[in-house]
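The structure appears right after this line, and notes come after that.
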Amino acid sequence: MTTVRDETDFAEPGSALWWQERYAERSRRRPRPGGLTLDRITAAALELIDRDGTESLSMRALGDHLEVRHTSLYRHVASREELLIETVDHMLGEIRLPTPEGHWRAGLEAGAREFRRVLAAHPAVVPLLTTGQLLGPHALRAREHALGQLLGQGWRPRTAVHVYLTLTHFVIGAAVLDAGGAARTPSQRAAMTGLFASLSPRTHPFVHRNAELLNSLDGDEEFEFGLGALLGGLEPLHREETAS
């Protein structure tokens, strides 16, 4: 069967076609004994990003960190853009997948919290989650695991996919907001409370009245509330699907 290529998607790093070509290339490549590996490269790149931020990462800086000539990195990644995409997937490999036993909701809660833990450990990498499709080997490992859990506990395939994607996007969205500064410091929260309280109760009665409450919740509390509301709303749907 011939793969139809969309001109806008052709070989674009992070796209489905790019990942497909990467997998084919990896299956043909034979590792050199004692040589560099993609895993070692992306692990070092993640260290540099955690320490100095994404903007500081270059092929030359990574080569220096690994104590190799930076040109040797191009055997594994063709560009800095490809390196960043592969590094995101390497980060996802830190996710500890929950055991498949137990109630479906407990498994999804554990998976969502673990995903959030990994993202919180690498805030500088979080914005990169939206630069390419999460289709690397570690991302697919998590996708396969989650879908297997859902399908194994009675969810219909179409609904299982919706549940998985909705929960994944919720976790990523929360992490992106936190990494972008939504997780405010105490002084920033106090300033925002002061702003809300200073608003006229005539024009903004509800914001004015709830000025303190609007800034009393931290990111973790907001996340847990959203996760509980999301999964709680799925309970009746699961009963309906397993009853029919």
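Here, A, B, ... name the chains of the structure tokens in the order displayed, residue numbers run from 1 inside each chain, and ligands are numbered from 1 in the same displayed order.
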Using only C-alpha atoms, find each residue of segment 140-212 of chain A with at least one atom at most 8 Å away from an atom of segment 99-111 of chain A; report its shortest atom-to-atom pair and that distance in Å (one decimal), sort the rows by chain and rising residue number, and return the result as a tab-separated table.
residue	atom	partner	partner_atom	distance
A:Ala146	CA	A:Leu108	CA	7.7
A:Gln149	CA	A:Pro100	CA	5.9
A:Leu150	CA	A:Trp104	CA	6.5
A:Gln153	CA	A:Trp104	CA	6.5
Create the file for the chosen residues now, containing N, CA and C atoms and written as a PDB file, in the first residue's frame.
ATOM      1  N   ALA A 146      -2.748   3.143  28.067  1.00  0.00           N
ATOM      2  CA  ALA A 146      -4.008   3.766  28.487  1.00  0.00           C
ATOM      3  C   ALA A 146      -5.198   3.186  27.729  1.00  0.00           C
ATOM      4  N   GLN A 149      -6.044  -0.255  28.995  1.00  0.00           N
ATOM      5  CA  GLN A 149      -6.772  -0.209  30.256  1.00  0.00           C
ATOM      6  C   GLN A 149      -8.254   0.084  30.032  1.00  0.00           C
ATOM      7  N   LEU A 150      -8.521   1.083  29.209  1.00  0.00           N
ATOM      8  CA  LEU A 150      -9.909   1.487  28.983  1.00  0.00           C
ATOM      9  C   LEU A 150     -10.711   0.401  28.270  1.00  0.00           C
ATOM     10  N   GLN A 153     -11.705  -2.572  30.321  1.00  0.00           N
ATOM     11  CA  GLN A 153     -12.722  -2.386  31.356  1.00  0.00           C
ATOM     12  C   GLN A 153     -14.056  -1.923  30.784  1.00  0.00           C
TER      13      GLN A 153
END
Would you list, as a PyMOL selection string, the residues of segment 12-127 of chain A that end up in helix (DSSP H, G or I) under DSSP run on this structure's backbone? chain A and resi 16-28+38-52+54-56+59-66+70-75+80-92+104-121+126-127
Could you write those residues out with C-alpha atoms, as a PDB file, in the first residue's frame?
ATOM      1  CA  ALA A  16       3.275  11.539  11.611  1.00  0.00           C
ATOM      2  CA  LEU A  17       5.160  11.003   8.350  1.00  0.00           C
ATOM      3  CA  TRP A  18       8.414  12.125   9.932  1.00  0.00           C
ATOM      4  CA  TRP A  19       7.961   9.675  12.793  1.00  0.00           C
ATOM      5  CA  GLN A  20       7.112   6.919  10.331  1.00  0.00           C
ATOM      6  CA  GLU A  21      10.372   7.568   8.508  1.00  0.00           C
ATOM      7  CA  ARG A  22      12.272   7.696  11.800  1.00  0.00           C
ATOM      8  CA  TYR A  23      10.968   4.283  12.803  1.00  0.00           C
ATOM      9  CA  ALA A  24      11.946   2.824   9.433  1.00  0.00           C
ATOM     10  CA  GLU A  25      15.417   4.364   9.713  1.00  0.00           C
ATOM     11  CA  ARG A  26      15.923   2.985  13.225  1.00  0.00           C
ATOM     12  CA  SER A  27      15.004  -0.524  12.119  1.00  0.00           C
ATOM     13  CA  ARG A  28      17.749  -0.396   9.474  1.00  0.00           C
ATOM     14  CA  LEU A  38      20.071   8.485  20.594  1.00  0.00           C
ATOM     15  CA  ASP A  39      19.095   7.723  24.185  1.00  0.00           C
ATOM     16  CA  ARG A  40      22.375   9.089  25.500  1.00  0.00           C
ATOM     17  CA  ILE A  41      22.077  12.179  23.330  1.00  0.00           C
ATOM     18  CA  THR A  42      18.512  13.004  24.376  1.00  0.00           C
ATOM     19  CA  ALA A  43      19.283  12.317  28.050  1.00  0.00           C
ATOM     20  CA  ALA A  44      22.125  14.842  27.880  1.00  0.00           C
ATOM     21  CA  ALA A  45      19.928  17.334  26.014  1.00  0.00           C
ATOM     22  CA  LEU A  46      17.292  17.035  28.732  1.00  0.00           C
ATOM     23  CA  GLU A  47      19.936  17.716  31.382  1.00  0.00           C
ATOM     24  CA  LEU A  48      21.035  20.874  29.597  1.00  0.00           C
ATOM     25  CA  ILE A  49      17.476  22.121  29.105  1.00  0.00           C
ATOM     26  CA  ASP A  50      16.619  21.500  32.753  1.00  0.00           C
ATOM     27  CA  ARG A  51      19.726  23.396  33.817  1.00  0.00           C
ATOM     28  CA  ASP A  52      19.923  26.272  31.339  1.00  0.00           C
ATOM     29  CA  THR A  54      15.665  25.504  25.878  1.00  0.00           C
ATOM     30  CA  GLU A  55      17.208  28.549  24.238  1.00  0.00           C
ATOM     31  CA  SER A  56      20.673  27.623  25.473  1.00  0.00           C
ATOM     32  CA  MET A  59      24.318  21.059  18.829  1.00  0.00           C
ATOM     33  CA  ARG A  60      27.727  22.477  19.720  1.00  0.00           C
ATOM     34  CA  ALA A  61      26.836  22.923  23.401  1.00  0.00           C
ATOM     35  CA  LEU A  62      25.467  19.388  23.517  1.00  0.00           C
ATOM     36  CA  GLY A  63      28.605  18.019  21.895  1.00  0.00           C
ATOM     37  CA  ASP A  64      30.720  19.791  24.499  1.00  0.00           C
ATOM     38  CA  HIS A  65      28.536  18.389  27.269  1.00  0.00           C
ATOM     39  CA  LEU A  66      28.942  14.868  25.903  1.00  0.00           C
ATOM     40  CA  HIS A  70      29.123  18.038  17.660  1.00  0.00           C
ATOM     41  CA  THR A  71      29.172  16.792  14.072  1.00  0.00           C
ATOM     42  CA  SER A  72      28.819  13.226  15.367  1.00  0.00           C
ATOM     43  CA  LEU A  73      25.347  14.116  16.667  1.00  0.00           C
ATOM     44  CA  TYR A  74      24.034  14.532  13.143  1.00  0.00           C
ATOM     45  CA  ARG A  75      24.178  10.798  12.592  1.00  0.00           C
ATOM     46  CA  ARG A  80      18.277  21.031  16.535  1.00  0.00           C
ATOM     47  CA  GLU A  81      14.550  20.865  15.797  1.00  0.00           C
ATOM     48  CA  GLU A  82      14.687  17.094  15.515  1.00  0.00           C
ATOM     49  CA  LEU A  83      16.772  16.931  18.675  1.00  0.00           C
ATOM     50  CA  LEU A  84      14.114  18.818  20.641  1.00  0.00           C
ATOM     51  CA  ILE A  85      11.351  16.536  19.375  1.00  0.00           C
ATOM     52  CA  GLU A  86      13.303  13.428  20.333  1.00  0.00           C
ATOM     53  CA  THR A  87      14.135  14.955  23.730  1.00  0.00           C
ATOM     54  CA  VAL A  88      10.439  15.471  24.470  1.00  0.00           C
ATOM     55  CA  ASP A  89       9.839  11.794  23.814  1.00  0.00           C
ATOM     56  CA  HIS A  90      12.815  10.874  25.996  1.00  0.00           C
ATOM     57  CA  MET A  91      11.212  12.867  28.821  1.00  0.00           C
ATOM     58  CA  LEU A  92       7.972  10.924  28.371  1.00  0.00           C
ATOM     59  CA  TRP A 104     -10.574   2.209  35.413  1.00  0.00           C
ATOM     60  CA  ARG A 105     -10.929   5.540  37.217  1.00  0.00           C
ATOM     61  CA  ALA A 106      -8.143   4.761  39.692  1.00  0.00           C
ATOM     62  CA  GLY A 107      -5.866   3.842  36.798  1.00  0.00           C
ATOM     63  CA  LEU A 108      -6.589   7.074  34.932  1.00  0.00           C
ATOM     64  CA  GLU A 109      -6.112   9.159  38.072  1.00  0.00           C
ATOM     65  CA  ALA A 110      -2.754   7.523  38.753  1.00  0.00           C
ATOM     66  CA  GLY A 111      -1.674   7.957  35.129  1.00  0.00           C
ATOM     67  CA  ALA A 112      -2.694  11.626  35.021  1.00  0.00           C
ATOM     68  CA  ARG A 113      -0.873  12.422  38.262  1.00  0.00           C
ATOM     69  CA  GLU A 114       2.240  10.599  37.094  1.00  0.00           C
ATOM     70  CA  PHE A 115       2.182  12.454  33.770  1.00  0.00           C
ATOM     71  CA  ARG A 116       1.853  15.735  35.673  1.00  0.00           C
ATOM     72  CA  ARG A 117       4.749  14.768  37.967  1.00  0.00           C
ATOM     73  CA  VAL A 118       7.077  14.233  35.014  1.00  0.00           C
ATOM     74  CA  LEU A 119       6.031  17.485  33.332  1.00  0.00           C
ATOM     75  CA  ALA A 120       6.484  19.420  36.577  1.00  0.00           C
ATOM     76  CA  ALA A 121      10.027  18.025  36.842  1.00  0.00           C
ATOM     77  CA  VAL A 126       6.663  21.609  28.602  1.00  0.00           C
ATOM     78  CA  PRO A 127       6.174  24.294  25.881  1.00  0.00           C
TER      79      PRO A 127
END
Do you know which residues are at most 9 Å from segment 223-229 of chain A counting only C-alpha atoms, after dropping those on the same chain fewer than 2 positions away, and could you put them as number ranges by chain? A: 109, 112-113, 167, 170-171, 174, 218-221, 231-234
